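Presented below is the structure to which this report refers.
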Amino acid sequence: VGDRVLFDTDSSTIDAEGQEILRRQAAWFRNHPQYAITVEGHADERGTRDYNLALGERRANAAKNYLVSLGVPAGRIQTVSYGKERPAATGSNEQAWAQNRRAVSVVIS
């Protein structure tokens, strides 16, 4: 299904690939109503802590809103922003930054 949507620099816009990932997630969550979801928003290391927390929040909310638009009840989805505090990839280069600009859906049982 895929648990993460990647974003461009300074963006919370979900691209076509991200939309497809979220469509598959929504189908899974609609078929498994016993689970709740936390969508984590993340940013790369560039920018201030406050800026990245706000950007992570926008990314998490963008993913949440898209899931809701696909029929997942909003009450089942929480969001949290970690900003740049929990990188998926280490390194100060475009390859690492691209992996860290993300929203991750975590299943809660």
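Starting from 1 in every chain, residues are counted up; chains themselves are A, B, ... following the order of the structure tokens, and ligands are numbered from 1 as listed.
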Mind checking DSSP for range 8-99 of chain A and telling me the strand (DSSP E or B) residues as a PDB file with N, CA and C atoms, in the first residue's frame?
```pdb
ATOM      1  N   ALA A  36      -7.359   3.125  13.734  1.00  0.00           N
ATOM      2  CA  ALA A  36      -7.236   4.577  13.617  1.00  0.00           C
ATOM      3  C   ALA A  36      -5.877   4.874  12.976  1.00  0.00           C
ATOM      4  N   ILE A  37      -5.648   6.137  12.663  1.00  0.00           N
ATOM      5  CA  ILE A  37      -4.452   6.539  11.929  1.00  0.00           C
ATOM      6  C   ILE A  37      -3.855   7.791  12.568  1.00  0.00           C
ATOM      7  N   THR A  38      -2.545   7.806  12.659  1.00  0.00           N
ATOM      8  CA  THR A  38      -1.842   9.050  12.941  1.00  0.00           C
ATOM      9  C   THR A  38      -1.023   9.380  11.702  1.00  0.00           C
ATOM     10  N   VAL A  39      -1.223  10.573  11.170  1.00  0.00           N
ATOM     11  CA  VAL A  39      -0.421  11.026  10.033  1.00  0.00           C
ATOM     12  C   VAL A  39       0.653  11.944  10.591  1.00  0.00           C
ATOM     13  N   GLU A  40       1.898  11.532  10.410  1.00  0.00           N
ATOM     14  CA  GLU A  40       3.059  12.295  10.886  1.00  0.00           C
ATOM     15  C   GLU A  40       3.580  13.180   9.757  1.00  0.00           C
ATOM     16  N   GLY A  41       3.766  14.456  10.051  1.00  0.00           N
ATOM     17  CA  GLY A  41       4.345  15.365   9.076  1.00  0.00           C
ATOM     18  C   GLY A  41       5.809  15.604   9.394  1.00  0.00           C
ATOM     19  N   HIS A  42       6.639  15.582   8.368  1.00  0.00           N
ATOM     20  CA  HIS A  42       8.093  15.729   8.530  1.00  0.00           C
ATOM     21  C   HIS A  42       8.642  16.725   7.513  1.00  0.00           C
ATOM     22  N   ILE A  77      -8.559   9.905  12.236  1.00  0.00           N
ATOM     23  CA  ILE A  77      -7.245  10.379  11.822  1.00  0.00           C
ATOM     24  C   ILE A  77      -6.759  11.497  12.739  1.00  0.00           C
ATOM     25  N   GLN A  78      -5.601  11.283  13.343  1.00  0.00           N
ATOM     26  CA  GLN A  78      -4.923  12.317  14.110  1.00  0.00           C
ATOM     27  C   GLN A  78      -3.719  12.777  13.287  1.00  0.00           C
ATOM     28  N   THR A  79      -3.251  13.976  13.570  1.00  0.00           N
ATOM     29  CA  THR A  79      -2.024  14.445  12.921  1.00  0.00           C
ATOM     30  C   THR A  79      -1.034  14.907  13.975  1.00  0.00           C
ATOM     31  N   VAL A  80       0.228  14.806  13.622  1.00  0.00           N
ATOM     32  CA  VAL A  80       1.306  15.308  14.465  1.00  0.00           C
ATOM     33  C   VAL A  80       2.434  15.773  13.549  1.00  0.00           C
ATOM     34  N   SER A  81       3.118  16.824  13.954  1.00  0.00           N
ATOM     35  CA  SER A  81       4.274  17.292  13.182  1.00  0.00           C
ATOM     36  C   SER A  81       5.540  17.078  13.996  1.00  0.00           C
ATOM     37  N   TYR A  82       6.517  16.479  13.360  1.00  0.00           N
ATOM     38  CA  TYR A  82       7.835  16.320  13.974  1.00  0.00           C
ATOM     39  C   TYR A  82       8.853  17.266  13.357  1.00  0.00           C
ATOM     40  N   GLY A  83       8.436  18.042  12.365  1.00  0.00           N
ATOM     41  CA  GLY A  83       9.372  18.959  11.729  1.00  0.00           C
ATOM     42  C   GLY A  83      10.585  18.204  11.219  1.00  0.00           C
TER      43      GLY A  83
END
```
Practice problem: Excluding Trp28 in chain A and any residue of its chain fewer than 5 positions from it, enumerate the residues within 12 Å of it, using only C-alpha atoms, and give them as JSON, numbers by chain. | Solution: {"A": [1, 2, 3, 21, 22, 23, 33, 34, 35, 36, 37, 67, 70, 71, 72, 105, 107]}
Write out the residues from the selection above, keeping N, CA, C and O atoms, as a short mmCIF file (atom, residue, chain, number, x, y, z; two decimals), in the first residue's frame.
```
data_model
loop_
_atom_site.label_atom_id
_atom_site.label_comp_id
_atom_site.auth_asym_id
_atom_site.auth_seq_id
_atom_site.Cartn_x
_atom_site.Cartn_y
_atom_site.Cartn_z
N VAL A 1 0.84 -1.19 0.00
CA VAL A 1 0.00 0.00 0.00
C VAL A 1 0.87 1.25 0.00
O VAL A 1 0.59 2.19 -0.70
N GLY A 2 1.92 1.26 0.81
CA GLY A 2 2.78 2.44 0.96
C GLY A 2 2.32 3.27 2.13
O GLY A 2 1.14 3.54 2.29
N ASP A 3 3.25 3.64 2.99
CA ASP A 3 2.88 4.37 4.20
C ASP A 3 3.26 5.84 4.15
O ASP A 3 2.93 6.59 5.05
N ILE A 21 -0.86 6.80 -3.71
CA ILE A 21 -0.54 6.14 -2.44
C ILE A 21 -1.68 6.35 -1.45
O ILE A 21 -2.12 5.41 -0.77
N LEU A 22 -2.19 7.58 -1.36
CA LEU A 22 -3.28 7.86 -0.42
C LEU A 22 -4.58 7.17 -0.84
O LEU A 22 -5.36 6.76 0.03
N ARG A 23 -4.82 7.00 -2.13
CA ARG A 23 -6.01 6.24 -2.58
C ARG A 23 -5.92 4.80 -2.09
O ARG A 23 -6.91 4.24 -1.62
N PRO A 33 -12.09 -0.82 9.46
CA PRO A 33 -12.59 0.29 10.29
C PRO A 33 -12.19 0.21 11.76
O PRO A 33 -12.38 1.17 12.50
N GLN A 34 -11.62 -0.91 12.17
CA GLN A 34 -11.20 -1.05 13.57
C GLN A 34 -9.91 -0.29 13.88
O GLN A 34 -9.54 -0.14 15.04
N TYR A 35 -9.24 0.22 12.86
CA TYR A 35 -7.98 0.92 13.05
C TYR A 35 -8.14 2.43 12.93
O TYR A 35 -8.91 2.92 12.12
N ALA A 36 -7.36 3.13 13.73
CA ALA A 36 -7.24 4.58 13.62
C ALA A 36 -5.88 4.87 12.98
O ALA A 36 -5.05 3.98 12.80
N ILE A 37 -5.65 6.14 12.66
CA ILE A 37 -4.45 6.54 11.93
C ILE A 37 -3.85 7.79 12.57
O ILE A 37 -4.58 8.70 12.94
N LEU A 67 -7.25 11.91 2.60
CA LEU A 67 -7.86 10.66 3.05
C LEU A 67 -9.34 10.85 3.39
O LEU A 67 -10.18 10.02 3.03
N LEU A 70 -11.54 10.93 0.50
CA LEU A 70 -11.71 9.60 -0.09
C LEU A 70 -12.56 8.68 0.79
O LEU A 70 -12.64 7.48 0.53
N GLY A 71 -13.16 9.23 1.82
CA GLY A 71 -14.11 8.46 2.61
C GLY A 71 -13.63 7.93 3.94
O GLY A 71 -14.36 7.20 4.62
N VAL A 72 -12.42 8.25 4.35
CA VAL A 72 -11.95 7.83 5.68
C VAL A 72 -12.49 8.85 6.68
O VAL A 72 -12.26 10.05 6.52
N SER A 105 1.72 7.70 7.30
CA SER A 105 0.52 7.20 7.95
C SER A 105 0.88 6.00 8.83
O SER A 105 1.45 5.03 8.35
N VAL A 107 -0.59 3.18 11.49
CA VAL A 107 -1.80 2.50 11.94
C VAL A 107 -1.77 2.35 13.45
O VAL A 107 -0.76 1.96 14.04
#
```
Practice problem: Could you check which of A:Asn93, A:Ala16, A:Ala26, A:Ser109 is closest to Lys64 in chain A, using only C-alpha atoms? | Solution: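 Between A:Asn93, A:Ala16, A:Ala26, A:Ser109, the residue approaching Lys64 in chain A most closely is A:Ala26.
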Self-check item: Exercise: Ala54 in chain A partners within 12 Å, only C-alpha atoms, chain neighbours under 3 positions left out, as number ranges by chain
Solution: A: 10-12, 41-43, 47-51, 57-61, 80-84
Produce a file of the selected residues containing C-alpha atoms, as a PDB file, in the first residue's frame.
```pdb
ATOM      1  CA  ASP A  10       8.720  24.011   0.943  1.00  0.00           C
ATOM      2  CA  SER A  11       5.528  22.349  -0.303  1.00  0.00           C
ATOM      3  CA  SER A  12       2.539  20.572   1.175  1.00  0.00           C
ATOM      4  CA  GLY A  41       4.345  15.365   9.076  1.00  0.00           C
ATOM      5  CA  HIS A  42       8.093  15.729   8.530  1.00  0.00           C
ATOM      6  CA  ALA A  43      10.508  18.199   6.956  1.00  0.00           C
ATOM      7  CA  GLY A  47      14.983  25.919   7.848  1.00  0.00           C
ATOM      8  CA  THR A  48      14.239  26.849  11.433  1.00  0.00           C
ATOM      9  CA  ARG A  49      12.662  24.495  13.931  1.00  0.00           C
ATOM     10  CA  ASP A  50       9.436  26.546  14.008  1.00  0.00           C
ATOM     11  CA  TYR A  51       9.212  26.763  10.218  1.00  0.00           C
ATOM     12  CA  GLU A  57       1.807  20.186  10.155  1.00  0.00           C
ATOM     13  CA  ARG A  58       0.675  21.405   6.723  1.00  0.00           C
ATOM     14  CA  ARG A  59       1.912  18.165   5.147  1.00  0.00           C
ATOM     15  CA  ALA A  60       0.171  15.970   7.724  1.00  0.00           C
ATOM     16  CA  ASN A  61      -3.062  17.924   7.319  1.00  0.00           C
ATOM     17  CA  VAL A  80       1.306  15.308  14.465  1.00  0.00           C
ATOM     18  CA  SER A  81       4.274  17.292  13.182  1.00  0.00           C
ATOM     19  CA  TYR A  82       7.835  16.320  13.974  1.00  0.00           C
ATOM     20  CA  GLY A  83       9.372  18.959  11.729  1.00  0.00           C
ATOM     21  CA  LYS A  84      13.000  18.033  11.150  1.00  0.00           C
TER      22      LYS A  84
END
```
Quiz prompt | Residue neighbourhood Gln99 in chain A, 7 Å, only C-alpha atoms, exclusion window fewer than 5 positions, as a PyMOL selection string | solution = chain A and resi 6+88-89
Exercise. Write down as a ChimeraX atom specification the residues of chain A whose backbone DSSP state falls under alpha helix (DSSP H).
Key: /A:16-31,49-69,94-100
Quiz prompt | d(CA of Arg86 in chain A, CA of Ala74 in chain A) in Å | solution = 25.0 Å
Practice problem: Tell me which protein, DNA and RNA residues are within 8 Å of Thr13 in chain A, counting only C-alpha atoms, leaving out same-chain ones fewer than 5 positions away, and put them as a ChimeraX atom specification. | Solution: /A:7-8,59,62
Practice problem: Please identify all polymer residues within 7 Å of Arg4 in chain A, counting only C-alpha atoms, omitting same-chain residues fewer than 4 positions from it, and present them as a list in words. | Solution: Arg102, Ala103, Val104 and Ser105 of chain A
Quiz prompt | Interatomic distance (Å, one decimal) between CA of Gly56 in chain A and CA of Glu20 in chain A | solution =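 Rounded to one decimal, the two atoms are 20.3 Å apart.
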